[in-house]
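Q: Here you go, upload20.txt (compact mmCIF, C-alpha atoms):
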# COMPACT_ATOMS: atom_id res chain seq x y z
CA MET B 1 178.77 11.08 102.10
CA THR B 2 176.64 9.53 99.36
CA ALA B 3 174.36 7.93 101.94
CA ALA B 4 173.98 11.28 103.71
CA MET B 5 173.12 13.06 100.45
CA PHE B 6 170.67 10.30 99.57
CA LEU B 7 169.00 10.69 102.98
CA VAL B 8 168.72 14.48 102.60
CA ALA B 9 167.34 14.12 99.04
CA THR B 10 164.82 11.45 100.08
CA VAL B 11 163.57 13.47 103.05
CA PHE B 12 163.52 16.61 100.87
CA LEU B 13 161.30 14.99 98.25
CA ALA B 14 159.00 13.27 100.74
CA CYS B 15 158.59 16.45 102.79
CA ALA B 16 158.17 18.61 99.66
CA VAL B 17 155.12 16.51 98.70
CA GLU B 18 153.59 17.09 102.15
CA ALA B 19 154.51 20.80 102.13
CA ILE B 20 152.96 21.26 98.67
CA GLU B 21 149.72 19.71 99.93
CA ALA B 22 149.63 22.15 102.87
CA LEU B 23 150.62 25.06 100.60
CA THR B 24 147.80 24.26 98.18
CA ILE B 25 145.21 24.56 100.95
CA VAL B 26 146.81 27.71 102.41
CA LEU B 27 147.01 29.42 98.99
CA ALA B 28 143.43 28.43 98.15
CA MET B 29 142.08 29.79 101.44
CA GLY B 30 144.24 32.92 101.43
CA THR B 31 143.32 33.87 97.87
CA THR B 32 139.58 33.26 98.23
CA CYS B 33 138.86 34.06 101.90
CA GLY B 34 141.59 36.54 102.79
CA TRP B 35 145.10 36.23 104.12
CA ARG B 36 144.78 37.44 107.69
CA SER B 37 142.59 34.58 109.00
CA THR B 38 144.44 32.05 106.82
CA LEU B 39 147.81 33.08 108.25
CA TYR B 40 146.38 32.93 111.78
CA GLY B 41 145.35 29.36 110.93
CA VAL B 42 148.87 28.60 109.68
CA ALA B 43 150.39 30.09 112.83
CA GLY B 44 147.96 28.15 115.04
CA GLY B 45 148.70 24.91 113.18
CA LEU B 46 152.45 25.46 113.51
CA ALA B 47 152.13 26.27 117.23
CA VAL B 48 150.14 23.09 117.96
CA LEU B 49 152.53 21.11 115.76
CA ALA B 50 155.55 22.44 117.69
CA ALA B 51 153.86 21.60 121.00
CA VAL B 52 152.97 18.06 119.84
CA VAL B 53 156.46 17.39 118.48
CA ALA B 54 158.11 18.81 121.62
CA ALA B 55 155.82 16.78 123.90
CA LEU B 56 155.93 13.48 122.02
CA GLY B 57 159.34 13.58 120.30
CA PRO B 58 160.24 10.17 118.89
CA THR B 59 157.00 8.66 120.22
CA LEU B 60 155.21 10.70 117.54
CA ALA B 61 155.08 7.49 115.55
CA VAL B 62 152.33 6.18 117.86
CA ILE B 63 149.82 8.83 116.64
CA PRO B 64 147.01 7.01 114.79
CA PHE B 65 147.56 8.77 111.45
CA GLY B 66 144.85 6.69 109.81
CA ALA B 67 142.21 8.13 112.14
CA VAL B 68 143.56 11.68 111.71
CA ARG B 69 143.49 11.31 107.89
CA LEU B 70 139.96 9.88 108.01
CA VAL B 71 138.61 12.82 110.04
CA VAL B 72 140.52 15.55 108.15
CA GLY B 73 139.80 13.90 104.78
CA GLY B 74 136.10 13.58 105.59
CA LEU B 75 135.90 17.26 106.59
CA LEU B 76 137.75 18.38 103.46
CA LEU B 77 135.45 16.25 101.33
CA VAL B 78 132.31 17.78 102.87
CA LEU B 79 133.64 21.34 102.47
CA GLY B 80 135.07 20.70 99.01
CA LEU B 81 131.76 19.31 97.73
CA GLN B 82 129.87 22.29 99.17
CA TRP B 83 132.23 24.74 97.42
CA LEU B 84 132.15 22.74 94.20
CA ARG B 85 128.35 22.52 94.20
CA LYS B 86 128.02 26.31 94.55
CA ALA B 87 130.72 27.00 91.94
CA ILE B 88 129.06 24.61 89.43
CA LEU B 89 125.64 26.25 89.98
CA ARG B 90 127.19 29.69 89.40
CA ALA B 91 129.28 28.66 86.40
CA SER B 92 126.24 27.04 84.73
CA GLY B 93 124.14 30.17 85.30
CA PHE B 94 121.67 28.64 87.77
CA THR B 95 122.77 30.80 90.68
CA PRO B 96 123.57 34.49 90.34
CA LEU B 97 126.78 35.53 92.02
CA ARG B 98 125.20 38.68 93.42
CA ASP B 99 122.37 36.77 95.09
CA GLU B 100 124.90 34.45 96.70
CA ALA B 101 126.79 37.45 98.02
CA ALA B 102 123.56 38.94 99.37
CA ILE B 103 122.65 35.66 101.08
CA TYR B 104 126.12 35.46 102.57
CA ASP B 105 125.86 39.05 103.81
CA ARG B 106 122.49 38.27 105.40
CA GLN B 107 123.92 35.17 107.10
CA VAL B 108 126.91 37.10 108.42
CA HIS B 109 124.60 39.84 109.70
CA ALA B 110 122.31 37.25 111.35
CA ALA B 111 125.26 35.52 112.98
CA ARG B 112 126.59 38.83 114.29
CA THR B 113 123.19 39.79 115.65
CA ALA B 114 122.70 36.39 117.31
CA THR B 115 126.09 36.07 118.93
CA GLY B 116 127.13 39.65 119.48
CA SER B 117 130.17 39.10 117.30
CA GLY B 118 130.70 37.20 114.05
CA ARG B 119 134.36 36.99 114.89
CA TRP B 120 136.02 34.09 116.60
CA LEU B 121 138.33 35.83 119.06
CA PHE B 122 140.60 37.74 116.65
CA VAL B 123 139.77 35.57 113.61
CA ALA B 124 137.47 37.22 111.04
CA ASP B 125 137.00 34.17 108.76
CA ARG B 126 136.67 30.94 110.70
CA TYR B 127 136.53 28.76 107.58
CA ALA B 128 139.88 30.03 106.35
CA PHE B 129 141.39 29.71 109.83
CA THR B 130 140.11 26.17 110.43
CA LEU B 131 141.10 24.79 107.02
CA ALA B 132 144.57 26.37 107.10
CA PHE B 133 145.03 25.12 110.68
CA LYS B 134 144.05 21.54 109.83
CA GLY B 135 146.09 21.46 106.61
CA VAL B 136 149.27 22.75 108.25
CA LEU B 137 148.89 20.55 111.34
CA LEU B 138 148.21 17.31 109.43
CA GLU B 139 150.96 17.84 106.85
CA GLY B 140 153.35 19.13 109.51
CA LEU B 141 152.80 15.97 111.55
CA GLU B 142 153.54 13.90 108.45
CA VAL B 143 156.75 15.89 107.84
CA ALA B 144 157.78 15.29 111.47
CA LEU B 145 157.01 11.58 111.10
CA ILE B 146 159.11 11.36 107.91
CA VAL B 147 162.04 13.06 109.67
CA ILE B 148 161.78 10.75 112.68
CA THR B 149 161.35 7.49 110.76
CA LEU B 150 163.86 8.10 107.94
CA GLY B 151 166.31 9.89 110.24
CA ALA B 152 166.18 7.12 112.83
CA ASP B 153 166.58 4.43 110.16
CA GLU B 154 169.78 6.07 108.90
CA GLY B 155 170.92 7.15 112.36
CA SER B 156 170.94 10.86 111.51
CA ILE B 157 167.99 12.92 112.63
CA ALA B 158 169.97 16.15 112.00
CA LEU B 159 170.43 15.38 108.27
CA ALA B 160 166.77 14.40 107.95
CA MET B 161 165.82 17.69 109.59
CA LEU B 162 168.03 19.53 107.08
CA GLY B 163 166.22 17.85 104.16
CA ALA B 164 162.83 18.68 105.66
CA ALA B 165 163.77 22.30 106.38
CA LEU B 166 165.04 22.77 102.80
CA ALA B 167 161.80 21.34 101.41
CA VAL B 168 159.61 23.60 103.56
CA VAL B 169 161.68 26.69 102.65
CA VAL B 170 161.64 25.94 98.89
CA VAL B 171 157.89 25.25 98.88
CA THR B 172 157.12 28.34 101.02
CA VAL B 173 159.20 30.64 98.76
CA THR B 174 157.43 29.18 95.70
CA GLY B 175 154.07 29.81 97.39
CA ILE B 176 154.94 33.47 98.06
CA ALA B 177 156.01 33.85 94.42
CA VAL B 178 152.75 32.50 92.97
CA ARG B 179 150.49 34.34 95.44
CA ALA B 180 150.18 37.56 93.42
CA PRO B 181 149.35 35.95 90.03
CA LEU B 182 146.72 33.79 91.74
CA ALA B 183 144.99 36.89 93.14
CA ARG B 184 144.20 38.01 89.55
CA VAL B 185 142.14 34.87 88.79
CA PRO B 186 138.35 35.63 88.66
CA GLU B 187 136.58 34.89 91.94
CA ASN B 188 134.28 32.08 90.81
CA THR B 189 137.04 30.42 88.79
CA MET B 190 139.18 30.44 91.94
CA LYS B 191 136.33 29.05 94.03
CA PHE B 192 135.75 26.35 91.41
CA ALA B 193 139.44 25.43 91.57
CA VAL B 194 139.41 25.44 95.38
CA GLY B 195 136.34 23.17 95.38
CA VAL B 196 138.10 20.76 93.01
CA MET B 197 141.26 20.74 95.14
CA LEU B 198 139.53 20.34 98.51
CA THR B 199 137.33 17.55 97.11
CA SER B 200 140.38 15.79 95.63
CA PHE B 201 142.38 16.01 98.87
CA GLY B 202 139.28 14.91 100.77
CA ILE B 203 138.84 11.82 98.58
CA PHE B 204 142.53 10.98 98.81
CA TRP B 205 143.04 11.45 102.56
CA GLY B 206 139.59 10.19 103.56
CA ALA B 207 140.10 6.97 101.59
CA GLU B 208 143.63 6.52 102.98
CA GLY B 209 142.26 7.07 106.48
CA ALA B 210 139.65 4.38 105.81
CA GLY B 211 142.48 1.98 104.98
CA VAL B 212 142.62 2.28 101.19
CA SER B 213 145.91 1.70 99.36
CA TRP B 214 145.85 3.89 96.27
CA PRO B 215 147.22 2.41 93.03
CA GLY B 216 150.41 4.40 92.40
CA GLU B 217 150.44 5.65 96.03
CA ASP B 218 150.86 9.48 96.28
CA ALA B 219 150.82 9.87 92.47
CA ALA B 220 147.16 8.76 92.57
CA LEU B 221 146.33 12.23 93.92
CA LEU B 222 146.95 13.64 90.43
CA GLY B 223 144.55 11.08 88.96
CA VAL B 224 141.92 11.96 91.57
CA LEU B 225 142.41 15.67 90.79
CA ALA B 226 141.92 15.05 87.04
CA TYR B 227 138.83 12.93 87.78
CA VAL B 228 137.17 15.57 90.01
CA LEU B 229 138.01 18.32 87.51
CA SER B 230 136.43 16.27 84.70
CA VAL B 231 133.29 15.49 86.72
CA ALA B 232 132.88 19.17 87.66
CA GLY B 233 133.48 20.32 84.07
CA ILE B 234 130.95 17.83 82.70
CA ALA B 235 128.44 18.90 85.38
CA VAL B 236 128.77 22.56 84.29
CA GLY B 237 128.23 21.55 80.63
CA VAL B 238 125.19 19.38 81.40
CA LEU B 239 123.59 22.04 83.61
CA ARG B 240 124.14 24.77 80.99
CA ARG B 241 122.39 22.60 78.39
CA THR B 242 119.57 21.81 80.86
CA ARG B 243 119.08 25.52 81.60
CA ARG B 244 118.90 26.41 77.88
CA LYS B 245 116.56 23.48 77.16
CA HIS B 246 114.09 24.61 79.82
CA GLY B 247 114.47 28.27 78.86
CA ALA B 248 115.61 29.33 82.32
CA PRO B 249 117.16 32.80 82.42
CA GLU B 250 120.94 32.95 82.61
CA HIS B 251 122.32 34.73 85.65
CA THR B 252 125.30 36.74 84.54
CA GLY B 253 128.40 37.45 86.57
CA ALA B 254 128.75 33.80 87.49
CA GLY B 255 132.42 33.72 86.43
CA MET T 1 126.98 30.64 126.71
CA ARG T 2 127.08 33.01 123.73
CA ALA T 3 130.50 31.72 122.75
CA LEU T 4 129.29 28.11 122.97
CA ARG T 5 126.22 28.91 120.85
CA SER T 6 128.40 30.70 118.32
CA PHE T 7 130.80 27.75 118.21
CA LEU T 8 127.96 25.23 117.75
CA ALA T 9 126.38 27.38 115.02
CA PHE T 10 129.72 27.59 113.26
CA GLY T 11 130.23 23.82 113.61
CA TYR T 12 126.80 23.13 112.10
CA ASP T 13 127.34 25.57 109.23
CA PHE T 14 130.88 24.23 108.70
CA LEU T 15 129.79 20.59 108.51
CA VAL T 16 126.29 20.72 107.10
CA GLY T 17 126.27 23.92 105.00
CA ASP T 18 123.51 24.36 102.40
CA ASP T 19 122.80 20.68 101.82
CA TRP T 20 122.83 18.16 104.66
CA THR T 21 122.85 15.25 102.19
CA ILE T 22 126.51 16.00 101.36
CA ALA T 23 127.69 15.56 104.97
CA ALA T 24 125.54 12.44 105.37
CA GLY T 25 126.74 11.02 102.03
CA VAL T 26 130.41 11.59 102.89
CA MET T 27 130.04 9.82 106.25
CA LEU T 28 128.22 6.91 104.60
CA ALA T 29 130.77 6.63 101.78
CA LEU T 30 133.77 6.63 104.15
CA ALA T 31 132.06 4.13 106.45
CA LEU T 32 131.42 1.80 103.48
CA THR T 33 135.02 2.27 102.32
CA LYS T 34 136.28 1.34 105.78
CA ALA T 35 133.97 -1.69 105.89
CA LEU T 36 135.29 -2.92 102.52
CA THR T 37 138.97 -2.44 103.43
CA VAL T 38 138.45 -4.23 106.75
CA THR T 39 137.13 -7.25 104.87
CA GLY T 40 140.13 -7.12 102.52
CA ILE T 41 138.28 -5.87 99.42
CA PRO T 42 140.09 -3.09 97.48
CA ALA T 43 137.92 0.02 97.88
CA TRP T 44 139.91 2.87 96.26
CA TRP T 45 137.20 3.22 93.59
CA LEU T 46 134.38 3.84 96.06
CA PRO T 47 135.05 7.44 97.27
CA PRO T 48 135.42 8.84 93.70
CA LEU T 49 132.20 7.10 92.61
CA ALA T 50 130.41 8.29 95.75
CA VAL T 51 131.49 11.87 94.97
CA LEU T 52 129.97 11.56 91.50
CA GLY T 53 126.69 10.33 93.00
CA MET T 54 126.59 12.92 95.79
CA LEU T 55 127.33 15.80 93.43
CA ALA T 56 124.66 14.67 90.93
CA PHE T 57 122.08 14.23 93.71
CA SER T 58 122.85 17.54 95.41
CA LEU T 59 122.89 19.53 92.14
CA GLY T 60 119.59 17.91 91.12
CA ARG T 61 118.04 18.97 94.44
CA ALA T 62 119.33 22.53 94.04
CA ILE T 63 117.90 22.82 90.51
CA ARG T 64 114.52 21.36 91.46
CA ARG T 65 114.33 23.91 94.31
CA SER T 66 115.20 26.79 92.00
CA ARG T 67 112.25 26.05 89.68
Would you encode the structure as structure tokens?

A:
Amino acid sequence: MTAAMFLVATVFLACAVEAIEALTIVLAMGTTCGWRSTLYGVAGGLAVLAAVVAALGPTLAVIPFGAVRLVVGGLLLVLGLQWLRKAILRASGFTPLRDEAAIYDRQVHAARTATGSGRWLFVADRYAFTLAFKGVLLEGLEVALIVITLGADEGSIALAMLGAALAVVVVTVTGIAVRAPLARVPENTMKFAVGVMLTSFGIFWGAEGAGVSWPGEDAALLGVLAYVLSVAGIAVGVLRRTRRKHGAPEHTGAG
Amino acid sequence: MRALRSFLAFGYDFLVGDDWTIAAGVMLALALTKALTVTGIPAWWLPPLAVLGMLAFSLGRAIRRSR
């Protein structure tokens, strides 16, 4: 009985960490880019995950997770740095928010004119869809791997599945609860936070995929997050001083 | 053909975005990290430092362009 409870608790905690990582990306995308495309991405990620788990079953352990982490981490790092760069330029007053919106509108219009449709099948925002899809698929595969490895070690896949299911339910309910308060955060502040989070996950997963062993293992993610937040905060401060020193006009509405 | 062009345009915008140096820098940084770990040298410090460098470089470029 104690061993069974220990197994459920271990799987619960391990899977909760993975589910929180996926939830962070889903919440960030949903709040900043809209929920419809993000939830399509979640559904697509879950569908592919179910197909992969059903097809591979216990042989899931042969998936080269290092390579998957390297690719997903690299993509998150590229996207996170792009978001962070824009958010820093806005927060420091170098880029006006309205001009950015106008440029975005022009790009969307150009894309629609060039391709006949800016949509991707039924997906309105391909960024939100792709990031939510990747986040859910990667973390879901890790949850499945935890269930298979820990469950097989203890000879009870069913109990491991119970721990994983509990973790996913608890994290999902928490995500739904914090969704509304997050929507009240100013747009550029939210984009700044999303840039920090995507960059942090990108550093963490990309490095792991490249074979790095982080000091403190998963807890190192918090250190990376604090580091990226500090770097971005210092960058905003330095750029604000630079703008004042050179007498450049401040663009308001930058958040 | 349209769908393929749309997909390629999206892929380029997704990966390269406003500043191609970010995508190139990330690939270089992860390749260097991999090279160090393969040779047995601890490389956890490299991606965070590379991010600092890439961000400084890219922001500098953006500000120079805005003047």

Q: Rounded to one decimal, what separation in Å do you get between atom CA of B:Cys33 and atom CA of T:Ser58?

A: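 So the answer is 23.9 Å.
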
Q: Applying 7 Å and only C-alpha atoms, which residues near stretch 15-31 of chain T remain after dropping the ones on its own chain fewer than 6 positions away? List them as a list in words.

A: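 Those residues are Gly74, Val78, Gly206, Ala207 and Ala210 of chain B; Pro47, Ala50 and Met54 of chain T.
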
Q: When distances are computed from only C-alpha atoms, which of B:Ser200, B:Thr38, B:Thr31, B:Thr24 shows the smallest separation from B:Arg184?

A: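 Using only C-alpha atoms, the shortest distance to B:Arg184 belongs to B:Thr31.
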
Q: Name the residues in contact with stretch 233-236 of chain B at a cut-off of 8 Å, using all atoms listed in the file, excluding same-chain residues fewer than 3 positions from it; report them as a list in words.

A: Ile88, Leu89, Ala91, Ser92, Leu229, Ser230, Leu239 and Arg240 of chain B; Ala56 of chain T

Q: Got a sec to pull out which chain B residues are within 9 Å of chain T, counting only C-alpha atoms, and send them as an MDAnalysis selection string?

A: chainID B and resid 70 74:75 77:79 81:82 84:86 88:89 94:95 111 114:118 120 126:127 199:200 203:204 206:215 224 227:228 231:232 235 239 248

Q: Identify which of the residues B:Val168, B:Val68, B:Met190, B:Val185 lies closest to B:Ala144, counting all atoms listed in the file when measuring atom-to-atom distances.

A: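 Among the listed residues, the smallest separation from B:Ala144 belongs to B:Val168.
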